[in-house]
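Peer 1: Just one file: start_26.cif, with mmCIF, C-alpha atoms and all ligand atoms.
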data_coords
loop_
_atom_site.label_atom_id
_atom_site.label_comp_id
_atom_site.auth_asym_id
_atom_site.auth_seq_id
_atom_site.Cartn_x
_atom_site.Cartn_y
_atom_site.Cartn_z
CA MET A 1 30.98 43.59 22.51
CA ARG A 2 30.76 47.32 23.12
CA LEU A 3 34.32 48.66 23.17
CA ALA A 4 35.10 52.21 24.33
CA LEU A 5 37.95 53.78 22.34
CA LEU A 6 39.92 56.49 24.12
CA ALA A 7 42.97 58.23 22.65
CA ASP A 8 45.25 61.09 23.67
CA ILE A 9 44.27 61.31 27.33
CA HIS A 10 47.36 63.45 27.93
CA SER A 11 47.27 63.47 31.75
CA ASN A 12 43.86 65.16 31.80
CA LEU A 13 42.14 63.54 34.79
CA GLU A 14 38.93 65.56 34.53
CA ALA A 15 38.43 64.64 30.86
CA LEU A 16 39.32 60.98 31.43
CA GLY A 17 36.91 60.69 34.37
CA ALA A 18 34.08 62.29 32.39
CA CYS A 19 34.59 60.00 29.38
CA LEU A 20 34.81 56.85 31.50
CA ALA A 21 31.65 57.80 33.40
CA HIS A 22 29.87 58.46 30.08
CA ALA A 23 31.07 55.13 28.65
CA ARG A 24 29.87 53.25 31.72
CA ARG A 25 26.43 54.81 31.29
CA GLN A 26 26.41 53.52 27.69
CA GLY A 27 27.00 50.00 29.05
CA VAL A 28 30.40 49.32 27.46
CA ASP A 29 32.07 46.05 28.35
CA GLY A 30 35.63 46.82 27.33
CA TYR A 31 38.14 49.62 26.85
CA ALA A 32 40.95 50.30 24.40
CA LEU A 33 43.29 53.18 25.24
CA LEU A 34 45.09 54.22 22.07
CA GLY A 35 48.20 55.88 23.48
CA ASP A 36 49.42 59.29 24.58
CA LEU A 37 48.32 58.66 28.12
CA LEU A 38 50.75 61.37 29.22
CA GLY A 39 52.01 64.81 28.22
CA TYR A 40 50.61 68.36 28.08
CA ASN A 41 48.52 68.28 31.30
CA ALA A 42 49.10 67.99 35.02
CA ASP A 43 47.73 64.66 36.28
CA PRO A 44 50.03 61.93 34.96
CA LEU A 45 50.06 59.78 38.11
CA ALA A 46 46.31 59.80 38.74
CA CYS A 47 45.63 59.04 35.07
CA LEU A 48 48.13 56.18 35.05
CA ASP A 49 46.53 54.72 38.20
CA ILE A 50 43.17 54.62 36.42
CA VAL A 51 44.68 53.22 33.22
CA ALA A 52 46.58 50.50 35.11
CA GLU A 53 43.35 49.52 36.89
CA LEU A 54 41.55 49.26 33.53
CA ALA A 55 44.45 47.19 32.16
CA ASP A 56 44.14 44.83 35.15
CA HIS A 57 40.52 44.28 34.08
CA GLY A 58 41.42 43.49 30.49
CA ALA A 59 41.65 46.88 28.77
CA VAL A 60 44.00 47.13 25.79
CA VAL A 61 46.53 49.90 26.48
CA LEU A 62 48.96 51.17 23.84
CA ALA A 63 51.89 53.59 24.05
CA GLY A 64 51.92 56.84 22.11
CA ASN A 65 54.79 59.11 21.13
CA HIS A 66 54.40 61.26 24.27
CA ASP A 67 54.52 58.16 26.48
CA VAL A 68 57.71 56.97 24.79
CA ALA A 69 59.18 60.48 25.13
CA CYS A 70 58.31 60.49 28.85
CA LEU A 71 60.44 57.36 29.19
CA GLY A 72 63.40 59.21 27.73
CA GLY A 73 62.64 58.86 24.04
CA LEU A 74 63.42 61.65 21.63
CA CYS A 75 61.26 64.75 21.87
CA GLU A 76 63.45 67.30 20.06
CA ASN A 77 61.05 67.40 17.12
CA MET A 78 58.09 68.23 19.36
CA SER A 79 56.80 71.76 19.91
CA PHE A 80 58.30 73.83 22.72
CA HIS A 81 55.18 73.43 24.87
CA ALA A 82 54.99 69.68 24.29
CA ARG A 83 58.67 69.33 25.24
CA GLU A 84 58.25 71.38 28.40
CA ALA A 85 55.43 69.07 29.48
CA ILE A 86 57.52 65.98 28.67
CA TYR A 87 60.38 67.23 30.87
CA TRP A 88 57.93 68.05 33.71
CA THR A 89 56.20 64.65 33.39
CA ARG A 90 59.49 62.73 33.43
CA ALA A 91 60.19 64.25 36.85
CA GLN A 92 56.82 63.04 38.19
CA LEU A 93 57.19 59.39 37.19
CA GLY A 94 58.52 56.77 39.58
CA ALA A 95 59.75 53.25 38.88
CA PRO A 96 56.24 51.68 38.90
CA GLN A 97 54.94 54.15 36.31
CA ARG A 98 58.02 53.78 34.12
CA GLY A 99 57.76 50.00 34.33
CA PHE A 100 54.09 50.09 33.31
CA LEU A 101 54.79 52.41 30.36
CA ALA A 102 57.78 50.36 29.20
CA GLY A 103 55.57 47.30 28.87
CA LEU A 104 53.02 48.90 26.52
CA PRO A 105 52.90 47.82 22.87
CA LEU A 106 52.52 50.25 19.94
CA THR A 107 49.84 48.20 18.19
CA ALA A 108 47.36 45.47 19.07
CA ALA A 109 44.81 43.24 17.36
CA HIS A 110 41.34 43.22 18.88
CA GLY A 111 38.61 41.19 17.19
CA LEU A 112 38.17 42.57 13.68
CA ALA A 113 40.25 45.68 14.46
CA THR A 114 43.86 46.77 14.39
CA LEU A 115 44.62 49.30 17.11
CA ALA A 116 47.49 51.81 17.06
CA HIS A 117 48.29 55.28 18.35
CA ALA A 118 49.49 56.70 15.03
CA SER A 119 49.37 55.04 11.61
CA PRO A 120 49.83 51.26 11.77
CA ASP A 121 52.17 51.82 8.80
CA GLN A 122 55.54 51.90 10.62
CA PRO A 123 53.93 52.62 14.01
CA ASP A 124 57.21 53.66 15.65
CA ARG A 125 57.49 56.57 13.20
CA TRP A 126 54.30 58.18 14.55
CA GLN A 127 52.93 59.18 11.18
CA TYR A 128 49.78 61.28 11.06
CA ILE A 129 46.87 60.06 8.95
CA SER A 130 46.16 63.36 7.26
CA GLY A 131 44.46 62.49 3.99
CA GLY A 132 43.74 59.82 1.40
CA SER A 133 47.32 58.71 0.74
CA THR A 134 48.27 58.29 4.40
CA ALA A 135 44.93 56.55 5.06
CA ARG A 136 45.64 54.17 2.19
CA ARG A 137 49.06 53.30 3.63
CA ALA A 138 47.42 52.68 7.02
CA PHE A 139 44.86 50.32 5.42
CA ASP A 140 47.62 48.60 3.43
CA ALA A 141 49.66 48.01 6.60
CA CYS A 142 47.04 45.71 8.13
CA ALA A 143 44.54 43.11 6.99
CA THR A 144 41.65 43.76 9.36
CA PRO A 145 38.41 45.40 8.17
CA LEU A 146 38.61 47.90 11.05
CA VAL A 147 41.44 50.20 12.16
CA PHE A 148 41.20 52.44 15.23
CA VAL A 149 43.86 55.10 15.92
CA GLY A 150 44.43 58.42 17.70
CA HIS A 151 47.33 60.92 17.44
CA VAL A 152 45.56 63.49 15.23
CA HIS A 153 43.31 65.03 17.94
CA HIS A 154 40.40 65.41 15.45
CA THR A 155 37.66 62.82 14.94
CA LEU A 156 37.48 61.53 11.36
CA LEU A 157 36.16 58.31 9.83
CA TYR A 158 37.74 56.94 6.64
CA PHE A 159 36.26 54.16 4.53
CA THR A 160 37.34 52.37 1.37
CA SER A 161 35.28 53.36 -1.64
CA ALA A 162 34.36 51.16 -4.63
CA ASN A 163 37.60 52.07 -6.45
CA GLY A 164 39.65 51.40 -3.32
CA GLU A 165 40.38 55.07 -2.62
CA PRO A 166 39.83 56.04 1.00
CA ARG A 167 37.23 58.73 1.62
CA SER A 168 36.39 60.38 4.90
CA PHE A 169 33.67 62.17 6.80
CA GLN A 170 33.18 63.54 10.26
CA PRO A 171 30.68 61.43 12.19
CA VAL A 172 27.91 63.31 14.00
CA PRO A 173 28.50 62.91 17.74
CA GLY A 174 26.02 60.56 19.36
CA THR A 175 24.75 59.16 16.05
CA PRO A 176 25.76 55.54 15.34
CA VAL A 177 27.42 54.98 11.95
CA PRO A 178 26.57 51.55 10.46
CA LEU A 179 29.79 49.89 9.28
CA SER A 180 29.06 48.12 6.01
CA ALA A 181 30.97 44.83 5.84
CA LEU A 182 31.62 45.59 2.15
CA ARG A 183 34.06 48.35 3.10
CA ARG A 184 37.02 48.81 5.42
CA TRP A 185 36.82 51.49 8.08
CA LEU A 186 39.47 53.57 9.84
CA LEU A 187 38.44 55.74 12.76
CA ILE A 188 40.68 58.49 14.05
CA VAL A 189 39.37 58.95 17.57
CA GLY A 190 39.51 62.58 18.70
CA ALA A 191 41.44 63.45 21.85
CA VAL A 192 40.11 62.85 25.34
CA GLY A 193 42.51 65.26 26.96
CA GLN A 194 43.26 67.98 24.41
CA PRO A 195 40.65 68.43 21.65
CA ARG A 196 41.77 70.77 18.86
CA ASP A 197 38.66 71.47 16.80
CA GLY A 198 37.45 74.54 18.67
CA LEU A 199 35.29 72.67 21.18
CA SER A 200 36.52 72.00 24.69
CA ALA A 201 34.40 68.85 25.20
CA ALA A 202 36.39 65.61 25.34
CA CYS A 203 36.18 63.09 22.47
CA TYR A 204 35.91 59.33 22.54
CA ALA A 205 34.02 56.63 20.63
CA ILE A 206 32.28 53.29 21.10
CA HIS A 207 32.51 50.38 18.66
CA ASP A 208 29.50 48.08 18.99
CA GLY A 209 30.64 44.79 17.45
CA GLY A 210 27.21 43.17 17.73
CA ALA A 211 25.33 46.00 16.05
CA GLY A 212 28.19 46.76 13.63
CA THR A 213 28.24 50.47 14.46
CA LEU A 214 30.67 53.16 15.55
CA THR A 215 29.51 56.13 17.61
CA SER A 216 31.69 59.12 18.44
CA TYR A 217 30.88 61.24 21.46
CA ARG A 218 31.66 64.70 22.82
CA VAL A 219 31.66 64.85 26.60
CA PRO A 220 31.73 68.22 28.38
CA TYR A 221 34.01 68.18 31.41
CA ASP A 222 35.49 70.62 33.94
CA CYS A 223 38.20 71.99 31.66
CA ALA A 224 38.62 75.04 33.95
CA ALA A 225 39.73 72.71 36.76
CA ALA A 226 42.16 70.91 34.43
CA ALA A 227 43.53 74.27 33.25
CA ARG A 228 43.99 75.46 36.84
CA LYS A 229 46.11 72.38 37.55
CA VAL A 230 48.24 73.06 34.44
CA ARG A 231 48.93 76.58 35.75
CA ALA A 232 49.57 75.37 39.33
CA ALA A 233 52.10 72.86 38.02
CA GLY A 234 54.01 75.66 36.29
CA LEU A 235 53.40 74.20 32.85
CA PRO A 236 53.20 76.67 29.94
CA GLU A 237 50.14 78.96 30.01
CA ARG A 238 49.41 78.01 26.40
CA LEU A 239 48.59 74.46 27.57
CA ALA A 240 45.97 75.79 29.99
CA LEU A 241 44.43 78.18 27.45
CA ARG A 242 44.09 75.53 24.79
CA LEU A 243 42.02 73.28 27.08
CA GLU A 244 39.47 76.03 27.50
CA ALA A 245 39.56 77.02 23.81
CA GLY A 246 39.68 73.47 22.46
CA ARG A 247 42.45 74.33 20.01
ZN ZN A 301 48.36 63.32 21.33
#
Mind turning this structure into structure tokens?
Peer 2:
Amino acid sequence: MRLALLADIHSNLEALGACLAHARRQGVDGYALLGDLLGYNADPLACLDIVAELADHGAVVLAGNHDVACLGGLCENMSFHAREAIYWTRAQLGAPQRGFLAGLPLTAAHGLATLAHASPDQPDRWQYISGGSTARRAFDACATPLVFVGHVHHTLLYFTSANGEPRSFQPVPGTPVPLSALRRWLLIVGAVGQPRDGLSAACYAIHDGGAGTLTSYRVPYDCAAAARKVRAAGLPERLALRLEAGR
């Protein structure tokens, strides 16, 4: 099975559409959406319509911290700009959207993989995997050889080394990484809707279960259009600028 992994869509319709079109061209036969469907950008309803349609056709859809916050969860520890977008998004959602979001799990099992938005170690605490020790706790929290997460907004691939210590590297976009069955692998999928590594192009990845490979992708999209919608919605200017700057 070729599974497209999309994380941190963050209400960015242009980025989501570009990644889904790219994934279709690669011939994927399934989708896993790793949370943070909402927040930051200006198209929550259109993005949720697409996500709900994918879910109807078997996609795995998880909730992220921004989705939970949009349902009324705590957001006081978020940045000012993130909070402003949460408050704006809450006002856009109707009962059908809230019902859909309320039914989303925080983690899921899919074949040989554990899926989560943040670390699968206490997933409701939204911990960032930011180095060897947090990666180790994420591996320890599940038994599967593969772990796919989002939340960090940077693409990074961890693997267990011979002494058990996790190491990491940044996969080259478009180049399949063979996943040795002798190791465990944890992919942090970069953000579809708000990349933060200095490139505006959207991030997503494909896991090819048959070939035993992971491929990350960068997909250019109309970030100027997405930024215009952020401004038109009255969301903070910083949120528009960072789409174009990719940081
Ligand atoms: Zn996010």
Peer 1: Please report, as a Markdown table, each residue of chain A lying at most 9 Å from ligand ZN 301 (chain A), together with the nearest pair of atoms and the separation in Å rounded to one decimal; use only C-alpha atoms and all ligand atoms, and order rows by chain and ascending residue number.
Peer 2:
| residue | atom | partner | partner_atom | distance |
| --- | --- | --- | --- | --- |
| A:Ala7 | CA | A:ZN301 | ZN | 7.5 |
| A:Asp8 | CA | A:ZN301 | ZN | 4.5 |
| A:Ile9 | CA | A:ZN301 | ZN | 7.5 |
| A:His10 | CA | A:ZN301 | ZN | 6.7 |
| A:Gly35 | CA | A:ZN301 | ZN | 7.7 |
| A:Asp36 | CA | A:ZN301 | ZN | 5.3 |
| A:Leu37 | CA | A:ZN301 | ZN | 8.2 |
| A:Leu38 | CA | A:ZN301 | ZN | 8.5 |
| A:Gly39 | CA | A:ZN301 | ZN | 7.9 |
| A:Tyr40 | CA | A:ZN301 | ZN | 8.7 |
| A:Gly64 | CA | A:ZN301 | ZN | 7.4 |
| A:Asn65 | CA | A:ZN301 | ZN | 7.7 |
| A:His66 | CA | A:ZN301 | ZN | 7.0 |
| A:His117 | CA | A:ZN301 | ZN | 8.6 |
| A:Gly150 | CA | A:ZN301 | ZN | 7.3 |
| A:His151 | CA | A:ZN301 | ZN | 4.7 |
| A:Val152 | CA | A:ZN301 | ZN | 6.7 |
| A:His153 | CA | A:ZN301 | ZN | 6.3 |
| A:Ala191 | CA | A:ZN301 | ZN | 6.9 |
| A:Gly193 | CA | A:ZN301 | ZN | 8.3 |
| A:Gln194 | CA | A:ZN301 | ZN | 7.6 |
Peer 1: Restricting the calculation to all atoms listed in the file, which member of A:Ala4, A:Leu187, A:Leu115, A:Val177 is positioned closest to Gly212 (chain A)?
Peer 2: A:Val177
Peer 1: Pull the neighbourhood of (48.9, 55.3, 12.3) for me: all residues within 10 Å in file coordinates, counting only C-alpha atoms, as an MDAnalysis selection string.
Peer 2: chainID A and resid 106:107 115:130 134:135 137:139 141 147:152 186 188
Peer 1: When you draw a straight line from CA of Pro236 (chain A) to CA of Val192 (chain A), how long is it in Å?
Peer 2: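 The value is 19.6 Å.
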Peer 1: For region 168-172 of chain A, list every protein, DNA or RNA residue within 7 Å, evaluated using only C-alpha atoms, and leave out those in the same chain fewer than 5 positions away; present the list as a list in words.
Peer 2: Thr155, Leu156, Leu157, Tyr158, Phe159 and Ser216 of chain A
Peer 1: Could you write out that same residue set with C-alpha atoms as a PDB file, in the coordinates of the input?
Peer 2:
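This is the output file out-v2.pdb:
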ATOM      1  CA  THR A 155      37.660  62.820  14.940  1.00  0.00           C
ATOM      2  CA  LEU A 156      37.480  61.530  11.360  1.00  0.00           C
ATOM      3  CA  LEU A 157      36.160  58.310   9.830  1.00  0.00           C
ATOM      4  CA  TYR A 158      37.740  56.940   6.640  1.00  0.00           C
ATOM      5  CA  PHE A 159      36.260  54.160   4.530  1.00  0.00           C
ATOM      6  CA  SER A 216      31.690  59.120  18.440  1.00  0.00           C
TER       7      SER A 216
END
Peer 1: Do you know which residues are at most 6 Å from region 48-62 of chain A counting all atoms listed in the file, after dropping those on the same chain fewer than 6 positions away, and could you put them as an mmCIF file with C-alpha atoms, keeping the file's coordinate frame?
Peer 2:
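Result saved to out-v8.cif:
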data_model
loop_
_atom_site.group_PDB
_atom_site.id
_atom_site.type_symbol
_atom_site.label_atom_id
_atom_site.label_comp_id
_atom_site.auth_asym_id
_atom_site.auth_seq_id
_atom_site.Cartn_x
_atom_site.Cartn_y
_atom_site.Cartn_z
ATOM 1 C CA TYR A 31 38.140 49.620 26.850
ATOM 2 C CA ALA A 32 40.950 50.300 24.400
ATOM 3 C CA LEU A 33 43.290 53.180 25.240
ATOM 4 C CA LEU A 34 45.090 54.220 22.070
ATOM 5 C CA GLY A 35 48.200 55.880 23.480
ATOM 6 C CA LEU A 104 53.020 48.900 26.520
ATOM 7 C CA PRO A 105 52.900 47.820 22.870
ATOM 8 C CA LEU A 106 52.520 50.250 19.940
#
Peer 1: From the list A:Ser161, A:Ser11, A:Thr144, A:Ser200, which residue is nearest Tyr221 (chain A) when using all atoms listed in the file?
Peer 2: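 Residue with the minimum atom-to-atom distance to Tyr221 (chain A): A:Ser200.
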Peer 1: List the neighbours of Tyr217 (chain A) out to 7 Å using all atoms listed in the file; skip same-chain residues closer than 4 positions along the sequence, and give me the result as number ranges by chain.
Peer 2: A: 173-174, 203-205
Peer 1: Go ahead and fit an axis-aligned box to every listed atom of region 194-207 of chain A plus 8 Å each side, and pass me the centre and edge lengths in Å, one decimal, as lines of an AutoDock Vina configuration file.
Peer 2:
center_x = 37.8
center_y = 62.5
center_z = 21.1
size_x = 27.0
size_y = 40.2
size_z = 24.5
Peer 1: Give the answer as one residue: which of A:Asn41, A:Arg231, A:Pro166, A:Thr114 has the shortest atom-to-atom distance to Ala15 (chain A), using all atoms listed in the file?
Peer 2: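 Checking each of A:Asn41, A:Arg231, A:Pro166, A:Thr114 against Ala15 (chain A), counting all atoms listed in the file, the winner is A:Asn41.
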Peer 1: Hey, what's within 12 Å of region 86-94 of chain A if we count only C-alpha atoms and toss same-chain stuff fewer than 3 positions away? As a VMD selection string, please?
Peer 2: chain A and resid 10 to 11 36 to 49 65 to 76 78 to 83 97 to 101 230 233 to 236
